[in-house]
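Here is the structure we will look at.
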Amino acid sequence: MQPVDASEHGSTIPTQDHPLALPSVLIGGLPITVVNRRNAASFMIAVARKRRRDSRPYYFTSANGEVVARVHADANIARLFQEADQILADGQPLVMASRLLCRVQLPERVATTDLFHDVAELAAREGISFYLLGATEATNSKAVATVQARYPDLRIVGHCHGYLAGEALEARLDEINALAPDILWIGLGVPREQLFVHDFAARLANVGVIKTSGGLFDHLAERTTRAPIWIQRAGFEWFWRMLMEPRRLFWRYLTTNPYAIYAILRYSK
């Protein structure tokens with residue numbers, strides 16, 4: 001992955017090289033991978049099969065407008081995203097911005113809630129294994145049950161809620177590494193999941209791929225309702241989410257949206 005343009009903070013930090021890579025385009029200062037959902041899923045499977053031994057897992061994360069705003073507001077969060085091998089466009093506004101501002105257009109949005117199913121279908125056919133880490137214990141368990149019912153041939157080698165610390169966390173890291181899943185899905189929210197990768201990826205050398213997943217498990221457990229397709233395509237899924245959870249999200253979007261627009265207009269090419 002190309003280095004993130006961190007000119008907002010006066011520095012550029014290189015990322016880890018890897019023989020498998022996809023092209024990217026700069027949107028809001030972040031190198032967003034130029035790929036559609038189908039090819040992103042196939043690429044994740046290919047990387048999981050190629051597995052790097054004695055090294056950290058290959059690391060996929062995602063970005064939307066809120067992430068762009070937070071990256072430019074907080075240098076520590078920017079550094080966390082700079083460590084990713086690939087950053088996928090999890091927000092339709094990024095796709096729309098690429099068509100107006102960039103030399104290369106993103107083919108489509110690669111939302112994690114959709115990508116998961118694309119990858120699961122391929123994984124079930126090809127014997128690729130999953131581990132699901134994140135959300136509450138009840139949500140995590142329901143998500144796993146729902147996924148297993150939909151994809152009975154999918155190998156889920158383990159799962160756990162995301163509220164771990166101390167000895168429990170240490171034991172769980174050892175368990176994940178011993179189980180050696182091909183793909184570890186981490187749903188802790190930004191920036192906790194990126195910080196988790198920063199702190200612990202080196203201890204998970206037997207894991208093939210890490211994909212940060214935000215609120216994926218809430219969707220899989222059917223605790224969160226997605227916006228209608230036409231709202232997603234119009235780039236207003238954030239507004240739908242705010243209507244669903246106004247107390248939690250109103251102030252967040254009120255403060256991050258203007259900054260995201262500014263950063264996208266200034267740091268895209």
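Residues are referred to by chain and number: the chain letter is A, B, ... according to the order shown in the structure tokens, the number counts from 1 in that chain, and ligands are numbered separately from 1 in the order shown.
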Filtered DSSP result for stretch 26-85 of chain A, state alpha helix (DSSP H), as an MDAnalysis selection string: chainID A and resid 37:50 65:73 75:82
Need to verify the contact set: stretch 134-138 of chain A, 10 Å, only C-alpha atoms, exclusion of same-chain residues closer than 3 positions in sequence. Can you return it as a PyMOL selection string? chain A and resi 141-143+159-164+185-189+193+212-218+221
Run DSSP on the backbone and give me the residues of stretch 27-128 of chain A it puts in strand (DSSP E or B), as a list of chain:residue names. A:Ile27, A:Leu30, A:Pro31, A:Ile32, A:Thr33, A:Tyr58, A:Tyr59, A:Phe60, A:Thr61, A:Ser62, A:Ala63, A:Gln86, A:Ile87, A:Leu88, A:Ala89
Limited to N, CA and C atoms, could you put the picked residues into a file as a PDB file, in the first residue's frame?
```pdb
ATOM      1  N   ILE A  27      -7.892   9.725  -1.485  1.00  0.00           N
ATOM      2  CA  ILE A  27      -9.158  10.403  -1.198  1.00  0.00           C
ATOM      3  C   ILE A  27      -9.125  10.871   0.250  1.00  0.00           C
ATOM      4  N   LEU A  30      -6.197   9.573   2.322  1.00  0.00           N
ATOM      5  CA  LEU A  30      -6.044   8.134   2.539  1.00  0.00           C
ATOM      6  C   LEU A  30      -5.941   7.406   1.202  1.00  0.00           C
ATOM      7  N   PRO A  31      -5.032   6.432   1.096  1.00  0.00           N
ATOM      8  CA  PRO A  31      -4.948   5.643  -0.140  1.00  0.00           C
ATOM      9  C   PRO A  31      -6.051   4.586  -0.154  1.00  0.00           C
ATOM     10  N   ILE A  32      -7.108   4.838  -0.889  1.00  0.00           N
ATOM     11  CA  ILE A  32      -8.261   3.946  -0.930  1.00  0.00           C
ATOM     12  C   ILE A  32      -8.083   2.953  -2.082  1.00  0.00           C
ATOM     13  N   THR A  33      -8.248   1.687  -1.782  1.00  0.00           N
ATOM     14  CA  THR A  33      -8.026   0.631  -2.764  1.00  0.00           C
ATOM     15  C   THR A  33      -9.054   0.717  -3.899  1.00  0.00           C
ATOM     16  N   TYR A  58      -1.809 -10.164   7.030  1.00  0.00           N
ATOM     17  CA  TYR A  58      -2.138  -9.118   6.062  1.00  0.00           C
ATOM     18  C   TYR A  58      -3.355  -8.375   6.605  1.00  0.00           C
ATOM     19  N   TYR A  59      -3.346  -7.057   6.488  1.00  0.00           N
ATOM     20  CA  TYR A  59      -4.289  -6.230   7.251  1.00  0.00           C
ATOM     21  C   TYR A  59      -5.143  -5.367   6.335  1.00  0.00           C
ATOM     22  N   PHE A  60      -6.454  -5.656   6.318  1.00  0.00           N
ATOM     23  CA  PHE A  60      -7.433  -4.846   5.608  1.00  0.00           C
ATOM     24  C   PHE A  60      -8.228  -4.015   6.619  1.00  0.00           C
ATOM     25  N   THR A  61      -8.413  -2.747   6.328  1.00  0.00           N
ATOM     26  CA  THR A  61      -9.347  -1.941   7.095  1.00  0.00           C
ATOM     27  C   THR A  61     -10.227  -1.181   6.108  1.00  0.00           C
ATOM     28  N   SER A  62     -11.099  -0.339   6.605  1.00  0.00           N
ATOM     29  CA  SER A  62     -12.044   0.386   5.748  1.00  0.00           C
ATOM     30  C   SER A  62     -12.153   1.832   6.203  1.00  0.00           C
ATOM     31  N   ALA A  63     -12.605   2.678   5.282  1.00  0.00           N
ATOM     32  CA  ALA A  63     -12.762   4.098   5.598  1.00  0.00           C
ATOM     33  C   ALA A  63     -14.066   4.629   5.033  1.00  0.00           C
ATOM     34  N   GLN A  86      -4.337  -2.546   3.000  1.00  0.00           N
ATOM     35  CA  GLN A  86      -5.349  -2.067   2.067  1.00  0.00           C
ATOM     36  C   GLN A  86      -6.441  -1.352   2.863  1.00  0.00           C
ATOM     37  N   ILE A  87      -6.922  -0.228   2.336  1.00  0.00           N
ATOM     38  CA  ILE A  87      -8.048   0.494   2.930  1.00  0.00           C
ATOM     39  C   ILE A  87      -9.185   0.495   1.916  1.00  0.00           C
ATOM     40  N   LEU A  88     -10.289  -0.151   2.261  1.00  0.00           N
ATOM     41  CA  LEU A  88     -11.422  -0.266   1.355  1.00  0.00           C
ATOM     42  C   LEU A  88     -12.416   0.872   1.584  1.00  0.00           C
ATOM     43  N   ALA A  89     -13.125   1.257   0.541  1.00  0.00           N
ATOM     44  CA  ALA A  89     -14.094   2.359   0.615  1.00  0.00           C
ATOM     45  C   ALA A  89     -15.413   1.852   1.178  1.00  0.00           C
TER      46      ALA A  89
END
```
Quote the spacing between atom CA of A:Lys211 and atom CA of A:Tyr262 in Å to one decimal place. 27.8 Å
Per residue of stretch 137-172 of chain A within 10 Å of stretch 119-130 of chain A, which atom pair is closest and at what distance in Å (one decimal), using only C-alpha atoms, listed by chain and increasing number, as a Markdown table?
```
| residue | atom | partner | partner_atom | distance |
| --- | --- | --- | --- | --- |
| A:Val147 | CA | A:Ala120 | CA | 8.6 |
| A:Gln148 | CA | A:Ala120 | CA | 10.0 |
| A:Arg150 | CA | A:Glu121 | CA | 9.5 |
| A:Tyr151 | CA | A:Ala124 | CA | 6.7 |
| A:Pro152 | CA | A:Ala124 | CA | 7.9 |
| A:Asp153 | CA | A:Ala124 | CA | 5.1 |
| A:Leu154 | CA | A:Ala124 | CA | 4.2 |
| A:Arg155 | CA | A:Ser129 | CA | 4.7 |
| A:Ile156 | CA | A:Phe130 | CA | 4.7 |
| A:Val157 | CA | A:Phe130 | CA | 6.1 |
| A:Gly158 | CA | A:Phe130 | CA | 7.4 |
| A:His159 | CA | A:Phe130 | CA | 8.6 |
```
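Closest approach to A:Ser55 among A:Gly28, A:Pro93, A:Pro191, A:Gly208: A:Gly208, based on only C-alpha atoms.
Using only C-alpha atoms, the shortest contact distance between A:Arg37 and any of A:Leu101, A:Val71, A:Leu106, A:Val25 is found at A:Leu106.
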Got a sec: who's within 10 Å of A:Arg109, counting only C-alpha atoms, leaving out chain neighbours fewer than 5 positions off, as a ChimeraX atom specification? /A:34-37,64,88-96,114-115,232-233,235
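Atom CA of A:Asn39 is found 10.1 Å from atom CA of A:Leu22.
Neighbouring residues of A:Arg56 at 6 Å or closer, counting only C-alpha atoms and skipping chain neighbours under 6 positions away, are Ala201, Ala202 and Ala205 of chain A.
When atom CA of A:Glu175 is paired with atom CA of A:Ala48, their separation reads 18.7 Å.
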Nearest to A:Val209 among A:Val67, A:Ala84, A:Ile183, A:Val190, with distances taken over only C-alpha atoms: which residue is it? A:Ile183
